[in-house]
Amino acid sequence: IFFGALIANLFFFATKFNDVASVTSSLEATTVITEDSSNVTQYYPVCSDLFGAENNDLLNMSAPDQGRLRSDSDLSVLDALFLAQVVYEMDNFRIDEMIASYFDDEYQVLLAQFEVPYHLHITHKTEEIDFVAIRGTASLEEALQDLSLFVEVALFEGLQWVVPFLNALPTTFVTSLIYYSSLTEQLLNAGVRDQFDEQIYDYLTDYLSNTTTSLHLIGHSLGGAIAAIVGANLFEDGYDSYIASLGVCSPGLLYSSAKFGFGISALDKTSRSVLPRRDLVSAIDIHGGSVQDIDCNENSMFSCHVTPSVICELYRNCPWQLAKKPALFDCYCNNQDLHEEKGRQQFGDCMNVTECDGSSCFV
């Protein structure tokens, strides 16, 4: 009965969200933003975020035409979103060619794993900067496995719709409640995290023991959650490295922090999130750290969860000079004929790179 009511509520709110979206789209259609506009408040605050060496200066948003970034080694949020997307494309294009082309041969691929958890590790050739991009869910089988990671908080938040009790409880009490509720599931499915965060955590533990770097973990959906889990745990381990994560359309982790082995403070100090409105996955749990909500004007709320919706929303609402390859983003977001011809929307189709299949995509 409970799950039946939960599903009915989901579809009810989905319908309401879509109605609101149609009204929002019609209103926003009357607003035109030109490239030469001097009103910098048109941009999302996350547009000024940098991903690079720890001590680099922030972008001067008051004059975006006077220089893309303070350091060429820094990545903007658009560059970070490129990485969040290309990890989904590793099975279709030579990933080493994509990275070399986009970053002008400044970064090299250290690892491309073509099995769960799919992830990509690139490093700067001359500076101590590393990026690990983690793929999210790409099949129904993976989605069912993902549920086990967040089943406790999802059940409690489902009950919250009936009896709003979570908001009345201290946060530390809720984290303990989720932790103890997860113990039974951990006994029944003890190895579930081996195929998610723990494998990447073990890999990066070995890597950080031999280097001091600025490490940025990036992921979409479940990949964003894994990035935040690994980043917070590595931060608490006390490595002499700068560690940060960026989650796109990812579930929150504040209530589940004790379950995944880190404190709320570690999450607040390492996590950044970009969350489309009307995205159900982003509504799971509570987000810690820095959170940027963005609009989603897709006809379907489920389309709000996919990476093209987020990438193109930020491309159109951040200074286009922020991307290392603005023309590539223009093709990705606006070349509908190409996407219809290929039956997909991927950066690789807009780049002069080799098509491939599976693990042959990285040599």
# chains A, B, ... in the order shown; residues from 1 in each chain; ligands from 1
call {"tool": "residues_around", "arguments": {"residues": "Cys361 in chain A", "least_positions_apart": "3", "cutoff": "10 Å", "atoms": "only C-alpha atoms", "output": "ChimeraX atom specification"}}
result
/A:89-97,112,114,354-358
call {"tool": "residues_around", "arguments": {"residues": "range 319-336 of chain A", "least_positions_apart": "6", "cutoff": "6 Å", "atoms": "only C-alpha atoms", "output": "PDB file with N, CA and C atoms, in the first residue's frame"}}
result
ATOM      1  N   ARG A  68      40.031  34.194 -20.333  1.00  0.00           N
ATOM      2  CA  ARG A  68      39.126  33.124 -19.967  1.00  0.00           C
ATOM      3  C   ARG A  68      39.332  32.692 -18.523  1.00  0.00           C
ATOM      4  N   SER A  76      37.075  25.283 -16.225  1.00  0.00           N
ATOM      5  CA  SER A  76      35.832  25.920 -15.828  1.00  0.00           C
ATOM      6  C   SER A  76      34.779  24.853 -15.577  1.00  0.00           C
ATOM      7  N   LEU A  78      32.210  24.359 -17.342  1.00  0.00           N
ATOM      8  CA  LEU A  78      31.882  23.750 -18.634  1.00  0.00           C
ATOM      9  C   LEU A  78      32.888  22.658 -18.984  1.00  0.00           C
ATOM     10  N   ASP A  79      34.162  22.907 -18.724  1.00  0.00           N
ATOM     11  CA  ASP A  79      35.179  21.879 -18.966  1.00  0.00           C
ATOM     12  C   ASP A  79      34.950  20.656 -18.078  1.00  0.00           C
ATOM     13  N   CYS A 312      23.885  21.983 -21.634  1.00  0.00           N
ATOM     14  CA  CYS A 312      23.427  23.058 -22.511  1.00  0.00           C
ATOM     15  C   CYS A 312      22.797  24.206 -21.730  1.00  0.00           C
ATOM     16  N   PHE A 347      29.634  14.350 -27.503  1.00  0.00           N
ATOM     17  CA  PHE A 347      30.696  15.244 -27.943  1.00  0.00           C
ATOM     18  C   PHE A 347      31.529  14.608 -29.049  1.00  0.00           C
TER      19      PHE A 347
END
call {"tool": "atom_distance", "arguments": {"atom1": "CA of Gln292 in chain A", "atom2": "CA of Cys47 in chain A"}}
result
9.9 Å
call {"tool": "closest_residue", "arguments": {"among": "A:Asp237, A:Glu198, A:Ala154, A:Ile311", "to": "Ala283 in chain A", "atoms": "only C-alpha atoms"}}
result
A:Ala154
call {"tool": "closest_residue", "arguments": {"among": "A:Asn297, A:Ser309, A:Thr211, A:Ser359", "to": "Gln345 in chain A", "atoms": "only C-alpha atoms"}}
result
A:Ser309
call {"tool": "atom_distance", "arguments": {"atom1": "CA of Leu254 in chain A", "atom2": "CA of Ser176 in chain A"}}
result
11.2 Å
call {"tool": "select_by_dssp", "arguments": {"residues": "range 49-286 of chain A", "states": "helix (DSSP H, G or I)", "output": "ChimeraX atom specification"}}
result
/A:64-66,77-86,95-102,140-162,166-168,171-181,183-188,192-195,197-208,222-237,264-270,281-283
call {"tool": "closest_residue", "arguments": {"among": "A:Ile264, A:Ala244, A:Met98, A:Val281", "to": "His220 in chain A", "atoms": "only C-alpha atoms"}}
result
A:Val281
call {"tool": "residues_around", "arguments": {"residues": "Ile134 in chain A", "least_positions_apart": "2", "cutoff": "7 Å", "atoms": "only C-alpha atoms", "output": "PyMOL selection string"}}
result
chain A and resi 87+118-120+132+136+218-219+223+227
call {"tool": "atom_distance", "arguments": {"atom1": "CA of Asn352 in chain A", "atom2": "CA of Pro308 in chain A"}}
result
19.9 Å
call {"tool": "select_by_dssp", "arguments": {"residues": "range 212-343 of chain A", "states": "strand (DSSP E or B)", "output": "PyMOL selection string"}}
result
chain A and resi 214-220+242-248+271-276+290-294
call {"tool": "residues_around", "arguments": {"residues": "Tyr107 in chain A", "least_positions_apart": "3", "cutoff": "7 Å", "atoms": "only C-alpha atoms", "output": "PDB file with N, CA, C and O atoms, in the first residue's frame"}}
result
ATOM      1  N   ILE A  99      40.558  13.470 -25.095  1.00  0.00           N
ATOM      2  CA  ILE A  99      41.207  14.274 -24.050  1.00  0.00           C
ATOM      3  C   ILE A  99      42.314  15.127 -24.653  1.00  0.00           C
ATOM      4  O   ILE A  99      42.446  16.330 -24.344  1.00  0.00           O
ATOM      5  N   ALA A 100      43.140  14.546 -25.525  1.00  0.00           N
ATOM      6  CA  ALA A 100      44.236  15.300 -26.135  1.00  0.00           C
ATOM      7  C   ALA A 100      43.711  16.447 -26.987  1.00  0.00           C
ATOM      8  O   ALA A 100      44.260  17.556 -26.970  1.00  0.00           O
ATOM      9  N   PHE A 103      41.883  19.289 -24.589  1.00  0.00           N
ATOM     10  CA  PHE A 103      42.795  20.005 -23.689  1.00  0.00           C
ATOM     11  C   PHE A 103      44.112  20.381 -24.358  1.00  0.00           C
ATOM     12  O   PHE A 103      45.087  20.702 -23.664  1.00  0.00           O
ATOM     13  N   ILE A 122      42.576  11.416 -15.568  1.00  0.00           N
ATOM     14  CA  ILE A 122      43.517  12.180 -16.379  1.00  0.00           C
ATOM     15  C   ILE A 122      44.359  13.047 -15.466  1.00  0.00           C
ATOM     16  O   ILE A 122      43.930  13.436 -14.373  1.00  0.00           O
ATOM     17  N   THR A 123      45.560  13.356 -15.905  1.00  0.00           N
ATOM     18  CA  THR A 123      46.474  14.178 -15.118  1.00  0.00           C
ATOM     19  C   THR A 123      47.155  15.198 -16.015  1.00  0.00           C
ATOM     20  O   THR A 123      47.371  14.947 -17.208  1.00  0.00           O
ATOM     21  N   HIS A 124      47.452  16.374 -15.447  1.00  0.00           N
ATOM     22  CA  HIS A 124      48.153  17.408 -16.196  1.00  0.00           C
ATOM     23  C   HIS A 124      49.601  16.986 -16.395  1.00  0.00           C
ATOM     24  O   HIS A 124      50.220  16.413 -15.495  1.00  0.00           O
ATOM     25  N   LYS A 125      50.152  17.289 -17.547  1.00  0.00           N
ATOM     26  CA  LYS A 125      51.496  16.804 -17.875  1.00  0.00           C
ATOM     27  C   LYS A 125      52.603  17.558 -17.151  1.00  0.00           C
ATOM     28  O   LYS A 125      53.704  17.017 -16.958  1.00  0.00           O
TER      29      LYS A 125
END
